[in-house]
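> Here you go, this is work.txt (compact mmCIF, C-alpha atoms).
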# COMPACT_ATOMS: atom_id res chain seq x y z
CA MET A 1 10.11 -10.78 -27.78
CA THR A 2 12.78 -11.38 -30.36
CA ALA A 3 16.49 -11.38 -29.71
CA THR A 4 17.82 -8.01 -30.81
CA PRO A 5 21.27 -6.43 -30.70
CA ALA A 6 22.07 -4.37 -27.64
CA PRO A 7 21.01 -0.75 -28.20
CA PRO A 8 23.43 2.17 -28.37
CA PRO A 9 24.14 3.97 -25.10
CA SER A 10 21.30 6.46 -25.56
CA ARG A 11 17.99 5.13 -24.24
CA ALA A 12 15.79 7.09 -26.61
CA ALA A 13 12.18 6.06 -27.04
CA ALA A 14 13.09 4.32 -30.27
CA ASP A 15 15.20 1.88 -28.27
CA VAL A 16 12.18 0.40 -26.53
CA PRO A 17 11.58 -2.90 -28.34
CA ALA A 18 8.45 -3.16 -30.42
CA HIS A 19 6.05 -6.02 -30.08
CA PRO A 20 7.06 -8.65 -32.62
CA THR A 21 3.42 -9.29 -33.50
CA GLY A 22 2.17 -5.77 -34.01
CA ILE A 23 0.66 -4.90 -30.63
CA PRO A 24 2.89 -2.08 -29.34
CA PRO A 25 3.98 -1.45 -25.78
CA HIS A 26 1.28 0.62 -24.12
CA SER A 27 1.51 3.67 -21.95
CA GLY A 28 -1.49 5.36 -20.43
CA ALA A 29 -1.55 7.77 -23.35
CA ASP A 30 -2.02 4.99 -25.92
CA LEU A 31 -5.71 4.49 -25.17
CA PRO A 32 -8.05 6.58 -27.33
CA PRO A 33 -10.30 8.99 -25.45
CA HIS A 34 -13.27 7.13 -24.00
CA SER A 35 -16.33 8.09 -26.02
CA GLY A 36 -18.87 6.61 -23.66
CA ALA A 37 -20.01 4.25 -26.41
CA ARG A 38 -20.81 0.73 -25.28
CA HIS A 39 -19.19 -2.26 -26.95
CA PRO A 40 -21.86 -4.97 -27.05
CA ASP A 41 -20.89 -8.10 -25.16
CA ARG A 42 -21.33 -10.80 -27.77
CA SER A 43 -19.53 -13.53 -25.86
CA GLY A 44 -20.36 -16.83 -27.49
CA GLU A 45 -20.87 -15.30 -30.94
CA ARG A 46 -18.07 -15.73 -33.45
CA ASP A 47 -17.10 -12.48 -35.11
CA PRO A 48 -17.01 -12.95 -38.90
CA GLU A 49 -13.67 -11.10 -38.97
CA SER A 50 -12.10 -13.38 -36.37
CA VAL A 51 -8.66 -14.75 -37.23
CA PHE A 52 -7.32 -15.94 -33.89
CA ASP A 53 -3.60 -15.32 -33.43
CA PRO A 54 -2.44 -16.11 -29.89
CA PHE A 55 1.01 -14.65 -30.46
CA ALA A 56 -0.63 -11.32 -31.26
CA LEU A 57 -3.23 -11.40 -28.50
CA PHE A 58 -0.70 -12.39 -25.82
CA ALA A 59 2.35 -10.53 -27.17
CA ARG A 60 4.62 -9.46 -24.28
CA PHE A 61 1.70 -10.12 -21.93
CA PHE A 62 3.60 -12.03 -19.23
CA ASP A 63 6.07 -9.95 -17.24
CA ASP A 64 8.66 -11.99 -15.35
CA ALA A 65 8.06 -11.57 -11.61
CA ALA A 66 10.21 -14.53 -10.56
CA LEU A 67 11.87 -12.52 -7.77
CA PHE A 68 8.59 -11.88 -5.98
CA PRO A 69 6.24 -13.98 -3.80
CA PRO A 70 5.20 -16.69 -3.99
CA GLY A 71 8.09 -17.68 -6.28
CA ASN A 72 10.92 -15.78 -4.57
CA ALA A 73 13.46 -17.19 -7.03
CA PRO A 74 17.13 -16.49 -6.30
CA MET A 75 18.69 -14.00 -8.69
CA ALA A 76 21.22 -16.62 -9.84
CA ALA A 77 18.33 -18.69 -11.19
CA ALA A 78 15.90 -15.94 -12.24
CA VAL A 79 18.11 -13.99 -14.65
CA PRO A 80 19.44 -17.00 -16.62
CA ALA A 81 15.92 -18.46 -16.83
CA PHE A 82 14.61 -15.20 -18.27
CA LEU A 83 17.36 -15.02 -20.87
CA ASP A 84 16.84 -18.68 -21.79
CA ARG A 85 13.17 -17.96 -22.53
CA LEU A 86 14.20 -15.61 -25.31
CA ALA A 87 15.37 -18.65 -27.31
CA THR A 88 12.08 -20.57 -26.96
CA PRO A 89 8.99 -20.53 -29.20
CA HIS A 90 7.23 -18.60 -26.42
CA ALA A 91 9.63 -15.65 -26.56
CA PRO A 92 7.05 -13.32 -28.19
CA LEU A 93 4.84 -13.72 -25.11
CA VAL A 94 7.53 -12.65 -22.64
CA GLY A 95 7.43 -9.15 -21.21
CA PRO A 96 10.24 -7.55 -19.22
CA PHE A 97 12.07 -8.82 -16.15
CA ILE A 98 10.66 -7.00 -13.11
CA ALA A 99 13.37 -5.84 -10.73
CA PRO A 100 13.40 -3.48 -7.76
CA ALA A 101 15.91 -0.64 -7.82
CA ALA A 102 17.66 -2.01 -4.73
CA ARG A 103 18.59 -5.24 -6.55
CA LEU A 104 20.00 -3.88 -9.82
CA ALA A 105 23.57 -4.72 -8.81
CA GLU A 106 22.51 -8.34 -8.28
CA VAL A 107 20.87 -8.39 -11.71
CA ALA A 108 24.03 -7.03 -13.33
CA ALA A 109 26.13 -9.75 -11.68
CA HIS A 110 24.22 -12.46 -13.54
CA LEU A 111 24.09 -10.95 -17.03
CA ARG A 112 25.66 -12.77 -19.96
CA PRO A 113 28.45 -11.17 -22.01
CA ALA A 114 26.73 -11.98 -25.30
CA GLY A 115 23.20 -12.38 -26.55
CA PRO A 116 20.10 -10.23 -26.23
CA PRO A 117 19.88 -7.54 -23.55
CA LEU A 118 17.85 -8.11 -20.43
CA ASP A 119 14.74 -5.93 -20.64
CA ILE A 120 14.02 -4.41 -17.23
CA ALA A 121 10.74 -3.21 -15.75
CA LEU A 122 12.10 -1.16 -12.88
CA ILE A 123 10.23 -0.86 -9.59
CA ALA A 124 11.37 2.34 -7.91
CA ALA A 125 10.03 5.02 -5.62
CA PRO A 126 10.05 8.41 -7.39
CA ALA A 127 12.94 9.63 -5.22
CA ASP A 128 15.07 6.65 -6.29
CA LEU A 129 14.17 6.76 -9.97
CA PRO A 130 16.89 9.06 -11.42
CA ALA A 131 19.76 7.09 -9.86
CA ALA A 132 18.24 3.74 -10.83
CA VAL A 133 17.68 4.82 -14.44
CA ASP A 134 21.29 6.03 -14.58
CA LYS A 135 22.49 2.67 -13.21
CA ILE A 136 20.63 0.75 -15.93
CA ASP A 137 21.78 3.14 -18.63
CA LYS A 138 25.42 2.55 -17.67
CA THR A 139 25.18 -1.24 -17.38
CA PRO A 140 25.92 -3.13 -20.63
CA GLY A 141 23.39 -5.88 -21.25
CA MET A 142 20.54 -4.13 -19.41
CA ARG A 143 17.78 -2.20 -21.16
CA LEU A 144 15.10 -0.19 -19.38
CA VAL A 145 11.71 -0.75 -21.02
CA ALA A 146 9.24 0.18 -18.26
CA VAL A 147 8.99 1.73 -14.80
CA GLU A 148 6.58 0.96 -11.97
CA ALA A 149 6.05 3.28 -9.00
CA PRO A 150 4.70 2.15 -5.61
CA VAL A 151 1.12 2.75 -4.57
CA ALA A 152 0.00 6.38 -4.66
CA VAL A 153 -1.99 7.45 -1.62
CA ASP A 154 -3.80 10.43 -3.14
CA ALA A 155 -3.93 12.77 -6.13
CA ALA A 156 -1.10 15.01 -4.90
CA HIS A 157 1.21 12.02 -4.44
CA THR A 158 0.25 10.81 -7.92
CA ARG A 159 0.94 14.14 -9.59
CA SER A 160 4.34 14.27 -7.91
CA ALA A 161 5.19 10.76 -9.15
CA VAL A 162 4.07 11.64 -12.68
CA ARG A 163 6.33 14.72 -12.67
CA VAL A 164 9.38 12.73 -11.59
CA ILE A 165 8.64 10.07 -14.21
CA ALA A 166 8.34 12.73 -16.92
CA ASP A 167 11.65 14.29 -15.85
CA SER A 168 13.54 10.99 -15.52
CA LEU A 169 12.46 8.91 -18.51
CA PRO A 170 12.71 9.34 -22.27
CA PRO A 171 9.43 10.03 -24.09
CA GLY A 172 7.44 6.92 -24.96
CA LEU A 173 8.85 4.65 -22.27
CA PRO A 174 5.90 3.06 -20.42
CA ALA A 175 5.37 3.79 -16.74
CA ALA A 176 2.79 2.66 -14.19
CA VAL A 177 1.67 3.91 -10.79
CA GLU A 178 -0.02 1.52 -8.37
CA VAL A 179 -3.58 2.56 -7.59
CA PRO A 180 -4.78 2.30 -3.98
CA ARG A 181 -7.70 0.09 -2.98
CA THR A 182 -9.17 2.94 -0.95
CA ALA A 183 -11.58 5.82 -1.39
CA ALA A 184 -8.69 7.67 -3.07
CA ARG A 185 -8.81 5.35 -6.10
CA ASP A 186 -10.76 7.70 -8.35
CA GLU A 187 -8.73 10.81 -7.53
CA VAL A 188 -5.54 8.86 -8.28
CA LEU A 189 -6.96 7.70 -11.61
CA ASP A 190 -8.06 11.27 -12.38
CA ALA A 191 -4.46 12.37 -11.80
CA LEU A 192 -3.16 9.64 -14.14
CA ALA A 193 -5.65 10.43 -16.92
CA GLY A 194 -4.05 12.22 -19.85
CA THR A 195 -0.50 11.42 -18.71
CA ARG A 196 2.01 8.88 -20.00
CA CYS A 197 1.30 6.65 -16.99
CA ARG A 198 -0.93 3.63 -16.76
CA ALA A 199 -2.46 2.20 -13.61
CA LYS A 200 -1.08 -0.78 -11.74
CA LEU A 201 -3.86 -2.83 -10.14
CA ARG A 202 -3.19 -5.23 -7.29
CA THR A 203 -5.08 -8.48 -7.92
CA GLY A 204 -3.75 -10.67 -5.11
CA GLY A 205 -0.92 -11.44 -2.76
CA VAL A 206 0.10 -13.58 0.18
CA ARG A 207 -3.06 -12.83 2.20
CA ALA A 208 -6.73 -13.29 1.33
CA ASP A 209 -7.49 -9.59 1.90
CA LEU A 210 -5.08 -8.64 -0.91
CA PHE A 211 -7.43 -10.19 -3.49
CA PRO A 212 -10.06 -7.62 -4.51
CA PRO A 213 -13.61 -8.98 -4.71
CA VAL A 214 -15.15 -9.31 -8.16
CA GLU A 215 -17.28 -6.20 -7.70
CA GLU A 216 -14.31 -4.07 -6.62
CA LEU A 217 -12.03 -5.17 -9.46
CA ALA A 218 -14.82 -4.72 -12.02
CA ALA A 219 -15.46 -1.18 -10.80
CA THR A 220 -11.75 -0.36 -10.94
CA ILE A 221 -11.41 -1.71 -14.49
CA ARG A 222 -14.38 0.42 -15.56
CA ALA A 223 -12.92 3.44 -13.78
CA CYS A 224 -9.66 2.99 -15.73
CA ILE A 225 -11.34 2.54 -19.10
CA THR A 226 -13.76 5.44 -18.58
CA ARG A 227 -10.72 7.69 -18.06
CA SER A 228 -8.75 6.10 -20.94
CA VAL A 229 -6.10 4.93 -18.46
CA ALA A 230 -4.48 1.64 -19.46
CA PHE A 231 -3.71 -0.80 -16.67
CA LYS A 232 -1.45 -3.70 -15.77
CA CYS A 233 -2.00 -6.16 -12.94
CA THR A 234 0.28 -7.37 -10.19
CA ALA A 235 0.05 -10.49 -8.03
CA GLY A 236 -2.53 -13.24 -7.88
CA LEU A 237 -3.10 -13.96 -11.57
CA HIS A 238 -1.45 -17.37 -11.42
CA HIS A 239 -3.80 -19.08 -13.87
CA ALA A 240 -5.95 -18.33 -16.88
CA VAL A 241 -9.38 -18.77 -15.29
CA ARG A 242 -10.87 -17.89 -11.92
CA HIS A 243 -10.27 -20.62 -9.36
CA THR A 244 -9.80 -21.41 -5.69
CA ASP A 245 -6.26 -22.32 -4.68
CA PRO A 246 -6.51 -25.69 -2.89
CA ALA A 247 -3.45 -24.94 -0.75
CA THR A 248 -4.56 -21.55 0.59
CA GLY A 249 -8.30 -21.45 -0.01
CA PHE A 250 -7.86 -18.05 -1.70
CA ASP A 251 -10.13 -17.21 -4.65
CA HIS A 252 -7.88 -16.09 -7.51
CA HIS A 253 -8.88 -13.99 -10.48
CA GLY A 254 -7.99 -15.43 -13.89
CA PHE A 255 -6.00 -13.41 -16.39
CA LEU A 256 -8.38 -14.39 -19.19
CA ASN A 257 -11.29 -13.22 -17.04
CA VAL A 258 -9.57 -9.85 -16.66
CA LEU A 259 -8.93 -9.70 -20.42
CA LEU A 260 -12.61 -10.33 -21.11
CA ALA A 261 -13.55 -7.66 -18.58
CA ALA A 262 -11.22 -5.21 -20.32
CA ALA A 263 -12.93 -5.91 -23.65
CA HIS A 264 -16.43 -5.68 -22.16
CA PRO A 265 -16.25 -3.39 -19.11
CA ASP A 266 -20.02 -3.03 -18.88
CA ALA A 267 -20.18 -6.77 -18.17
CA ALA A 268 -16.98 -6.90 -16.12
CA GLU A 269 -18.58 -8.52 -13.05
CA THR A 270 -20.00 -11.32 -15.16
CA HIS A 271 -16.70 -12.07 -16.88
CA LEU A 272 -14.58 -11.85 -13.72
CA ALA A 273 -16.84 -14.36 -11.97
CA ARG A 274 -16.82 -16.94 -14.77
CA THR A 275 -15.23 -20.36 -14.27
CA ASP A 276 -16.34 -21.97 -17.56
CA ALA A 277 -12.82 -22.35 -18.97
CA ALA A 278 -13.72 -24.00 -22.28
CA ARG A 279 -16.37 -21.38 -23.03
CA ILE A 280 -13.98 -18.56 -22.12
CA ALA A 281 -11.41 -19.98 -24.56
CA ALA A 282 -14.06 -20.23 -27.28
CA ASP A 283 -15.10 -16.63 -26.68
CA LEU A 284 -11.52 -15.43 -27.11
CA ARG A 285 -11.03 -17.44 -30.29
CA ALA A 286 -14.13 -15.72 -31.68
CA TRP A 287 -12.80 -12.20 -31.13
CA SER A 288 -12.26 -9.87 -34.05
CA PRO A 289 -8.84 -8.21 -34.37
CA ALA A 290 -10.43 -4.93 -33.27
CA THR A 291 -11.72 -6.48 -30.04
CA ALA A 292 -8.33 -8.03 -29.31
CA VAL A 293 -6.53 -4.72 -29.86
CA ARG A 294 -9.08 -2.88 -27.69
CA ALA A 295 -8.67 -5.38 -24.85
CA ARG A 296 -4.87 -5.29 -24.95
CA ALA A 297 -4.81 -1.49 -25.20
CA ALA A 298 -6.68 -1.47 -21.89
CA PHE A 299 -5.00 -4.45 -20.15
CA THR A 300 -1.33 -4.34 -21.07
CA GLY A 301 0.02 -7.29 -19.08
CA PHE A 302 0.73 -8.74 -15.66
CA GLY A 303 3.52 -10.19 -13.58
CA THR A 304 3.88 -13.95 -13.24
CA CYS A 305 6.32 -15.83 -11.01
CA ASP A 306 6.58 -18.72 -13.47
CA LEU A 307 5.92 -18.33 -17.19
CA ALA A 308 5.15 -22.03 -17.41
CA ASP A 309 1.87 -21.60 -15.51
CA PRO A 310 0.07 -19.21 -17.90
CA VAL A 311 1.59 -20.80 -21.01
CA ASN A 312 0.54 -24.30 -19.97
CA ASP A 313 -2.96 -23.08 -19.10
CA LEU A 314 -3.31 -21.53 -22.55
CA ALA A 315 -2.02 -24.71 -24.21
CA HIS A 316 -4.46 -26.82 -22.17
CA LEU A 317 -7.32 -24.59 -23.38
CA GLY A 318 -6.19 -24.89 -27.00
CA LEU A 319 -5.15 -21.23 -27.18
CA LEU A 320 -1.45 -21.99 -27.74
CA PRO A 321 0.00 -24.74 -29.95
CA GLU A 322 2.38 -26.18 -27.37
CA ARG A 323 3.14 -26.31 -23.66
CA TYR A 324 6.14 -24.73 -22.01
CA PRO A 325 9.19 -27.02 -22.26
CA ALA A 326 9.79 -29.04 -19.10
Before anything else, please render the file you have as structure tokens.

Amino acid sequence: MTATPAPPPSRAAADVPAHPTGIPPHSGADLPPHSGARHPDRSGERDPESVFDPFALFARFFDDAALFPPGNAPMAAAVPAFLDRLATPHAPLVGPFIAPAARLAEVAAHLRPAGPPLDIALIAAPADLPAAVDKIDKTPGMRLVAVEAPVAVDAAHTRSAVRVIADSLPPGLPAAVEVPRTAARDEVLDALAGTRCRAKLRTGGVRADLFPPVEELAATIRACITRSVAFKCTAGLHHAVRHTDPATGFDHHGFLNVLLAAAHPDAAETHLARTDAARIAADLRAWSPATAVRARAAFTGFGTCDLADPVNDLAHLGLLPERYPA
């Protein structure tokens, strides 16, 4: 994400910042209709068209979730840290700053008078969305670039949220609705299909039961892709590759595992279960540009409490040229 001048007061779709490396921000409508065709899983084979560019593959992939568990950073630290990242070599990887509607006044109190605007991914219940959007629109130094709605319990709830989003946001601004981990999952995804909204998938949390098993997450990824619904992930993706947290004993999904599953949904279980980090990195380096674009069109990004964790993992695997500055 490059430093750009603050936009004019109107928050038209053109004001949403483009990806600096050519992969655009994704809404649910950006995925092409699913044809049913299978993309062969050729993991381990180098595509002859492969030209690995990590700043394209991971452009705006890491949303800043510093305010949320387990980080729980104070606002006075979180906002300056986000703005400081825009001056680092890793700026193109940084997505928006995730903030709940109830804390927008706190965010505004820590903005800087000069420099790039603070891109906000707003978490708001549909009923709170119009007022929160108006608050951001009237706050110099804040720019709304995405909206996330809480978990939808059924299709009717989803359709209502989609209507409010359509009425409250300018065209082209990405939005996401959290999908339940219940029997209502498919009806919620059916209600999202064909709309501007992507799915928000919960991949972890502060309890073991908040981490979906491999089989469940694989089925949900396939359900999204079959319906041409893009998805983002929230919670639990602390590191690149699947692992067990030694402090909690929780089995965490890896964000590279999820990316591989998005590229090869028919083999999603296999890729989500992998722990062979070096081989996973080699598989990604072998991707063609078309595979990379397909994967990122499906899996648009995820929230991380500390950008240093994913960046340092990628550097350790040889997928980025340098670690995050200490």
> So what do you get for CA of Leu237 in chain A versus CA of Met142 in chain A, distance-wise?
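Value for the CA of Leu237 in chain A-CA of Met142 in chain A distance: 26.8 Å.
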> I need the residue nearest Ser288 in chain A from this list: A:Val51, A:Ile98, A:Leu118, A:Cys305. Use all atoms listed in the file for the distance.
A:Val51
> Give me, as a list in words, all polymer residues having an atom no more than 8 Å from range 121-137 of chain A, counting only C-alpha atoms and skipping those fewer than 3 positions away in the same chain.
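So the residues in contact are Pro9, Ser10, Arg11, Pro96, Phe97, Ile98, Ala99, Pro100, Ala101, Leu104, Pro140, Met142, Arg143, Leu144, Val145, Ala146, Val147, Glu148, Ala149, Pro150, Ala161, Val164, Ile165, Ser168 and Leu169 of chain A.
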> Could you give me the axis-aligned bounding box of range 235-246 of chain A, with 3 Å of padding per side, as centre plus edge lengths in Å to one decimal, as AutoDock Vina command-line options?

--center_x -5.4 --center_y -18.1 --center_z -9.9 --size_x 16.9 --size_y 21.2 --size_z 20.0
> May I ask for the distance between CA of Asp209 in chain A and CA of Thr234 in chain A, given in Å to one decimal place?
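Going from CA of Asp209 in chain A over to CA of Thr234 in chain A covers 14.5 Å.
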> For a test of reading the model, state the distance in Å between CA of Leu173 in chain A and CA of Leu86 in chain A, rounded to one decimal.
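Computing it gives 21.2 Å between the two atoms.
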> Contacts of Ala281 in chain A at 8 Å or less, counting all atoms listed in the file, minus same-chain residues fewer than 3 places along, as a PyMOL selection string?
chain A and resi 277-278+284-285+317-319
> Can you tell me which residues surround Asp190 in chain A at a distance of at most 12 Å, considering all atoms listed in the file, apart from same-chain residues fewer than 2 positions away, and format the answer as JSON, numbers by chain?
{"A": [28, 154, 155, 156, 158, 159, 179, 184, 185, 186, 187, 188, 192, 193, 194, 195, 197, 198, 199, 223, 224, 225, 226, 227, 228, 229]}
